[in-house]
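Asks: File name input-v2.cif; file contents mmCIF, C-alpha atoms; full text below.
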```cif
data_query
#
loop_
_atom_site.label_atom_id
_atom_site.label_comp_id
_atom_site.auth_asym_id
_atom_site.auth_seq_id
_atom_site.Cartn_x
_atom_site.Cartn_y
_atom_site.Cartn_z
CA ALA G 161 23.90 -20.04 -9.45
CA GLU G 162 21.57 -18.11 -7.18
CA LEU G 163 22.52 -18.62 -3.53
CA ASP G 164 20.51 -18.58 -0.34
CA VAL G 165 22.44 -17.26 2.68
CA VAL G 166 21.07 -17.83 6.19
CA ALA G 167 23.11 -15.54 8.44
CA THR G 168 22.24 -16.78 11.95
CA ARG G 169 25.03 -14.68 13.49
CA GLY G 170 24.25 -11.49 11.56
CA THR G 171 26.86 -9.53 9.63
CA ALA G 172 30.52 -9.05 10.36
CA ALA G 173 31.09 -5.63 11.94
CA GLN G 174 34.88 -5.75 11.96
CA ALA G 175 37.70 -8.21 12.10
CA ALA G 176 37.65 -10.05 15.41
CA GLU G 177 40.81 -10.58 17.40
CA ARG G 178 42.20 -14.06 16.95
CA PRO G 179 41.57 -16.09 20.13
CA LYS G 180 44.54 -17.24 22.16
CA PHE G 181 45.23 -20.83 23.09
CA TYR G 182 43.71 -21.61 26.44
CA LYS G 183 44.65 -24.80 28.18
CA PRO G 184 41.68 -27.15 27.79
CA THR G 185 40.08 -28.52 30.91
CA PRO G 186 38.97 -32.14 31.23
CA GLY G 187 35.73 -32.80 29.38
CA GLU G 188 36.23 -30.14 26.68
CA VAL G 189 36.73 -31.23 23.08
CA ASP G 190 40.49 -31.32 22.65
CA GLU G 191 40.63 -32.41 19.02
CA VAL G 192 38.45 -33.43 16.10
CA VAL G 193 39.96 -36.63 14.71
CA GLN G 194 37.86 -37.16 11.59
CA ALA G 195 34.45 -36.94 10.00
CA ASP G 196 32.43 -40.15 10.00
CA PRO G 197 33.28 -41.89 6.69
CA GLU G 198 29.74 -43.33 6.47
CA ASP G 199 28.19 -39.88 6.94
CA LYS G 200 30.48 -38.48 4.25
CA LYS G 201 29.21 -41.15 1.84
CA ALA G 202 25.56 -40.76 2.81
CA PHE G 203 25.62 -36.93 2.76
CA PRO G 204 28.42 -35.87 0.38
CA GLY G 205 29.48 -32.27 0.89
CA GLU G 206 26.93 -31.72 3.69
CA TYR G 207 29.41 -31.43 6.55
CA ARG G 208 26.79 -29.94 8.88
CA ARG G 209 24.96 -33.31 8.81
CA TRP G 210 28.04 -35.41 9.66
CA ARG G 211 29.18 -36.79 12.98
CA TYR G 212 32.77 -36.24 14.04
CA GLU G 213 35.12 -38.39 16.04
CA VAL G 214 36.48 -36.23 18.87
CA MET G 215 38.92 -36.65 21.72
CA LEU G 216 38.14 -35.06 25.05
CA ALA G 217 40.78 -33.13 26.95
CA TRP G 218 42.27 -34.68 30.05
CA ASP G 219 44.46 -33.30 32.82
CA ARG G 220 47.91 -32.83 31.26
CA PRO G 221 50.49 -31.08 33.44
CA ASP G 222 52.92 -30.95 30.49
CA LEU G 223 50.54 -28.92 28.28
CA GLN G 224 51.13 -25.18 28.43
CA GLY G 225 48.45 -22.59 27.76
CA GLU G 226 46.88 -19.57 29.33
CA PRO G 227 43.97 -20.13 31.71
CA ARG G 228 40.59 -19.12 30.29
CA PRO G 229 39.69 -15.59 31.44
CA ALA G 230 36.79 -15.33 33.89
CA ASP G 231 34.78 -13.09 31.53
CA LEU G 232 35.00 -15.62 28.68
CA PRO G 233 32.18 -18.17 28.66
CA PRO G 234 33.43 -21.66 29.50
CA ALA G 235 33.80 -24.18 26.70
CA PRO G 236 31.07 -26.83 26.60
CA LYS G 237 31.97 -30.04 28.42
CA PHE G 238 31.09 -33.60 27.50
CA GLU G 239 30.82 -36.70 29.62
CA GLN G 240 33.00 -39.56 28.41
CA ASP G 241 30.19 -42.09 28.88
CA ASP G 242 27.32 -40.01 27.42
CA PRO G 243 25.26 -42.62 25.51
CA ARG G 244 24.40 -40.17 22.70
CA TYR G 245 28.02 -40.11 21.53
CA GLN G 246 29.02 -43.77 21.86
CA ARG G 247 29.64 -46.19 19.02
CA ALA G 248 29.77 -49.99 19.15
CA GLY G 249 32.70 -51.86 17.65
CA PRO G 250 36.36 -50.84 17.38
CA TRP G 251 37.36 -47.82 19.45
CA ARG G 252 40.23 -45.34 19.61
CA CYS G 253 42.28 -45.19 22.82
CA ARG G 254 42.86 -41.58 23.91
CA SER G 255 46.15 -42.43 25.60
CA CYS G 256 47.56 -44.17 22.52
CA TYR G 257 46.16 -41.48 20.21
CA ASP G 258 48.02 -38.85 22.22
CA ARG G 259 51.30 -40.70 21.52
CA ARG G 260 50.50 -41.57 17.88
CA PHE G 261 53.40 -39.59 16.39
CA GLN G 262 55.95 -41.22 18.70
CA THR G 263 54.65 -44.74 18.07
CA MET G 264 53.38 -44.17 14.50
CA ASP G 265 50.39 -46.30 15.47
CA PHE G 266 47.09 -44.82 14.28
CA SER G 267 45.03 -47.99 14.56
CA LEU G 268 41.81 -48.64 16.44
CA VAL G 269 41.44 -51.02 19.34
CA PRO G 270 39.56 -54.09 18.04
CA ALA G 271 36.00 -54.68 19.17
CA GLU G 272 37.19 -57.91 20.80
CA SER G 273 38.86 -55.71 23.45
CA PRO G 274 35.90 -53.63 24.65
CA ASP G 275 37.24 -52.95 28.16
CA ARG G 276 41.04 -52.74 27.82
CA CYS G 277 43.53 -51.32 25.34
CA PRO G 278 46.04 -54.05 24.45
CA LYS G 279 48.65 -51.50 23.28
CA CYS G 280 48.98 -49.39 26.44
CA ASP G 281 47.53 -52.12 28.69
CA LYS G 282 45.14 -49.71 30.39
CA ALA G 283 41.48 -50.12 31.18
CA ARG G 284 39.24 -48.23 28.77
CA THR G 285 37.85 -46.19 31.66
CA ASP G 286 41.41 -45.12 32.61
CA CYS G 287 42.73 -44.21 29.17
CA GLY G 288 39.54 -42.76 27.64
CA TRP G 289 38.17 -43.18 24.13
CA SER G 290 36.88 -41.09 21.26
CA LEU G 291 33.26 -39.94 20.99
CA TRP G 292 31.12 -39.43 17.88
CA VAL G 293 29.53 -35.97 18.08
CA PRO G 294 27.14 -34.43 15.52
CA PHE G 295 28.22 -31.12 14.00
CA ALA G 296 25.41 -29.26 15.77
CA ASP G 297 26.71 -30.40 19.19
CA LEU G 298 30.33 -29.40 18.57
CA PRO G 299 31.58 -26.27 20.38
CA PRO G 300 31.64 -23.17 18.12
CA GLU G 301 35.46 -23.18 17.88
CA ARG G 302 35.45 -26.79 16.68
CA GLN G 303 32.59 -26.08 14.27
CA ALA G 304 34.72 -23.29 12.77
CA THR G 305 37.65 -25.67 12.31
CA VAL G 306 35.43 -28.27 10.63
CA MET G 307 33.89 -25.61 8.40
CA ASP G 308 37.34 -24.40 7.34
CA GLN G 309 38.31 -27.96 6.40
CA HIS G 310 35.17 -29.05 4.55
CA ALA G 311 33.46 -25.93 3.18
CA LYS G 312 33.21 -25.19 -0.53
CA LYS G 313 35.49 -22.34 -1.60
CA ILE G 314 32.60 -19.90 -1.97
CA GLU G 315 31.55 -20.29 1.70
CA PRO G 316 34.60 -18.72 3.42
CA ILE G 317 34.32 -15.78 1.03
CA LEU G 318 30.69 -15.21 2.07
CA TRP G 319 31.61 -15.75 5.75
CA THR G 320 33.73 -12.60 5.63
CA ARG G 321 30.41 -10.73 5.44
CA TRP G 322 28.09 -13.23 7.22
CA PRO G 323 30.12 -15.31 9.74
CA ALA G 324 29.30 -19.04 9.74
CA ALA G 325 26.26 -18.49 7.49
CA GLU G 326 24.54 -21.52 5.99
CA VAL G 327 24.94 -21.24 2.23
CA SER G 328 22.92 -23.24 -0.30
CA CYS G 329 21.74 -23.00 -3.89
CA VAL G 330 18.18 -21.76 -4.28
CA ASP G 331 17.39 -24.55 -6.75
CA GLY G 332 18.57 -27.22 -4.26
CA SER G 333 21.65 -28.23 -6.27
CA ALA G 334 25.10 -28.59 -4.75
CA LEU G 335 27.22 -25.50 -4.22
CA PRO G 336 29.60 -24.93 -7.14
CA ASP G 337 33.26 -25.83 -6.84
CA CYS G 338 35.07 -22.61 -7.62
#
```
Written as structure tokens, that's how I'd like the structure from this file.

Replies:
Amino acid sequence: AELDVVATRGTAAQAAERPKFYKPTPGEVDEVVQADPEDKKAFPGEYRRWRYEVMLAWDRPDLQGEPRPADLPPAPKFEQDDPRYQRAGPWRCRSCYDRRFQTMDFSLVPAESPDRCPKCDKARTDCGWSLWVPFADLPPERQATVMDQHAKKIEPILWTRWPAAEVSCVDGSALPDC
């Protein structure tokens, strides 16, 4: 198949140094939980059109990591109550999600409990909740993680030459599974 490559970041000059882990500050995206199942059905294979459930970082004294250097641009921050990223219905408690491997509880808080998590018995405003963020609004580091998880096999090969390029078939068909 003939491919169209849109290299918005140009070509790769040389291998970049792998970034270190910097302790996230409150409001940064701490983790991408999942892609929206409805978006995956509506736009199969088009991960750049999906929304992603994300957890924001919060102040954790127990989390170790280097502070972000002053010459490195700060990571984008999100407001927990930004209306663009809210979703009605069941919600995921950030506090309970953080302890999910100790409790083995991965469930959502039912919509009948819109203001309080019945598991940790905290107010929603105290424990925090997940947001639904479109791919385009994700920070570049999180976009890279999502791309690594959902890209067709041909894309990472082309990204070695054109980092994060948008790859599509000229005839509009789906990218081949290699």

Asks: Please report the interatomic distance between atom CA of Val165 of chain G and atom CA of Pro316 of chain G in Å with one decimal.

Replies: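 Between these atoms lies a distance of 12.3 Å.
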
Asks: Applied to this file, what does the PyMOL selection byres ((chain G and resi 307) around 12) return in terms of residues, put as a ChimeraX atom specification?

Replies: /G:192,195,205-210,295-296,298,300-306,308-316,319,323-327

Asks: Excluding Pro221 of chain G and any residue of its chain fewer than 5 positions from it, enumerate the residues within 12 Å of it, using all atoms listed in the file, and give them as JSON, numbers by chain.

Replies: {"G": [183, 184, 185, 186]}

Asks: Run the PyMOL selection byres ((chain G and resi 251-256) around 6) against the file shown and list the residues it catches, as a PyMOL selection string.

Replies: chain G and resi 250+257-259+268-269+287-290

Asks: In terms of the shortest atom-to-atom distance over only C-alpha atoms, which of G:Pro243, G:Gly332, G:Asp281, G:Trp322 is closest to Arg169 of chain G?

Replies: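 Ranked by minimum distance to Arg169 of chain G, first place goes to G:Trp322.
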
Asks: Using the chain letters and numbers from the file, which residues does the PyMOL selection byres ((chain G and resi 331) around 9) grab, as a ChimeraX atom specification?

Replies: /G:161-163,328-330,332-334

Asks: Which value, in Å to one decimal, gives the distance between atom CA of Asp190 of chain G and atom CA of Pro234 of chain G?

Replies: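 The value is 13.8 Å.
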
Asks: From the list G:Ser273, G:Lys279, G:Val189, G:Thr285, which residue is nearest Arg260 of chain G when using only C-alpha atoms?

Replies: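 Smallest separation from Arg260 of chain G among the options: G:Lys279.
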
Asks: Using all atoms listed in the file, which of G:Asp242, G:Leu216, G:Asp286, G:Phe181 sits nearest Pro229 of chain G?

Replies: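 For Pro229 of chain G, the nearest of the candidates is G:Phe181.
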
Asks: In Å, how far is it from atom CA of Leu232 of chain G to atom CA of Gly187 of chain G?

Replies: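 Taking atom CA of Leu232 of chain G as the start and atom CA of Gly187 of chain G as the end point, the length is 17.2 Å.
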
Asks: Counting all atoms listed in the file, which residues sit no farther than 10 Å from the position (42.7, -26.4, 33.1) in the file's frame? I'd like them as an MDAnalysis selection string.

Replies: chainID G and resid 182:186 188 217:221 223:228

Asks: Pull segment 255-278 of chain G out of the block and emit N, CA and C atoms, as a compact mmCIF listing (two decimals), in the first residue's frame.

Replies:
```txt
# COMPACT_ATOMS: atom_id res chain seq x y z
N SER G 255 -8.23 8.06 44.73
CA SER G 255 -7.66 7.48 45.94
C SER G 255 -7.75 5.96 45.91
N CYS G 256 -8.90 5.43 45.54
CA CYS G 256 -9.07 3.97 45.46
C CYS G 256 -8.27 3.39 44.29
N TYR G 257 -8.21 4.12 43.19
CA TYR G 257 -7.44 3.65 42.03
C TYR G 257 -5.96 3.53 42.40
N ASP G 258 -5.47 4.45 43.21
CA ASP G 258 -4.07 4.41 43.63
C ASP G 258 -3.77 3.16 44.44
N ARG G 259 -4.76 2.63 45.14
CA ARG G 259 -4.57 1.43 45.98
C ARG G 259 -5.13 0.17 45.32
N ARG G 260 -5.41 0.20 44.04
CA ARG G 260 -6.11 -0.90 43.37
C ARG G 260 -5.39 -2.24 43.46
N PHE G 261 -4.06 -2.25 43.51
CA PHE G 261 -3.35 -3.53 43.55
C PHE G 261 -3.32 -4.10 44.97
N GLN G 262 -3.48 -3.26 45.98
CA GLN G 262 -3.58 -3.76 47.34
C GLN G 262 -4.98 -4.31 47.62
N THR G 263 -5.99 -3.62 47.09
CA THR G 263 -7.38 -4.01 47.35
C THR G 263 -7.94 -4.93 46.28
N MET G 264 -7.30 -4.98 45.12
CA MET G 264 -7.78 -5.73 43.95
C MET G 264 -9.20 -5.29 43.57
N ASP G 265 -9.47 -4.02 43.77
CA ASP G 265 -10.76 -3.45 43.41
C ASP G 265 -10.54 -2.44 42.29
N PHE G 266 -11.03 -2.77 41.10
CA PHE G 266 -10.83 -1.93 39.93
C PHE G 266 -12.15 -1.29 39.48
N SER G 267 -13.15 -1.39 40.32
CA SER G 267 -14.49 -0.95 39.92
C SER G 267 -14.67 0.56 39.97
N LEU G 268 -15.73 1.00 39.29
CA LEU G 268 -16.12 2.40 39.29
C LEU G 268 -17.06 2.68 40.44
N VAL G 269 -17.12 3.93 40.84
CA VAL G 269 -18.09 4.36 41.84
C VAL G 269 -19.41 4.55 41.09
N PRO G 270 -20.51 3.96 41.59
CA PRO G 270 -21.78 4.08 40.86
C PRO G 270 -22.27 5.52 40.76
N ALA G 271 -23.03 5.78 39.72
CA ALA G 271 -23.57 7.12 39.49
C ALA G 271 -24.46 7.57 40.64
N GLU G 272 -25.00 6.63 41.39
CA GLU G 272 -25.86 6.97 42.53
C GLU G 272 -25.08 7.64 43.65
N SER G 273 -23.75 7.60 43.58
CA SER G 273 -22.89 8.25 44.58
C SER G 273 -22.07 9.35 43.90
N PRO G 274 -22.72 10.42 43.45
CA PRO G 274 -22.00 11.43 42.67
C PRO G 274 -21.04 12.29 43.49
N ASP G 275 -21.23 12.35 44.82
CA ASP G 275 -20.43 13.27 45.63
C ASP G 275 -19.51 12.60 46.63
N ARG G 276 -19.61 11.28 46.79
CA ARG G 276 -18.81 10.59 47.81
C ARG G 276 -18.49 9.18 47.36
N CYS G 277 -17.25 8.76 47.61
CA CYS G 277 -16.84 7.40 47.29
C CYS G 277 -17.21 6.49 48.46
N PRO G 278 -18.06 5.49 48.23
CA PRO G 278 -18.46 4.62 49.34
C PRO G 278 -17.35 3.67 49.79
```
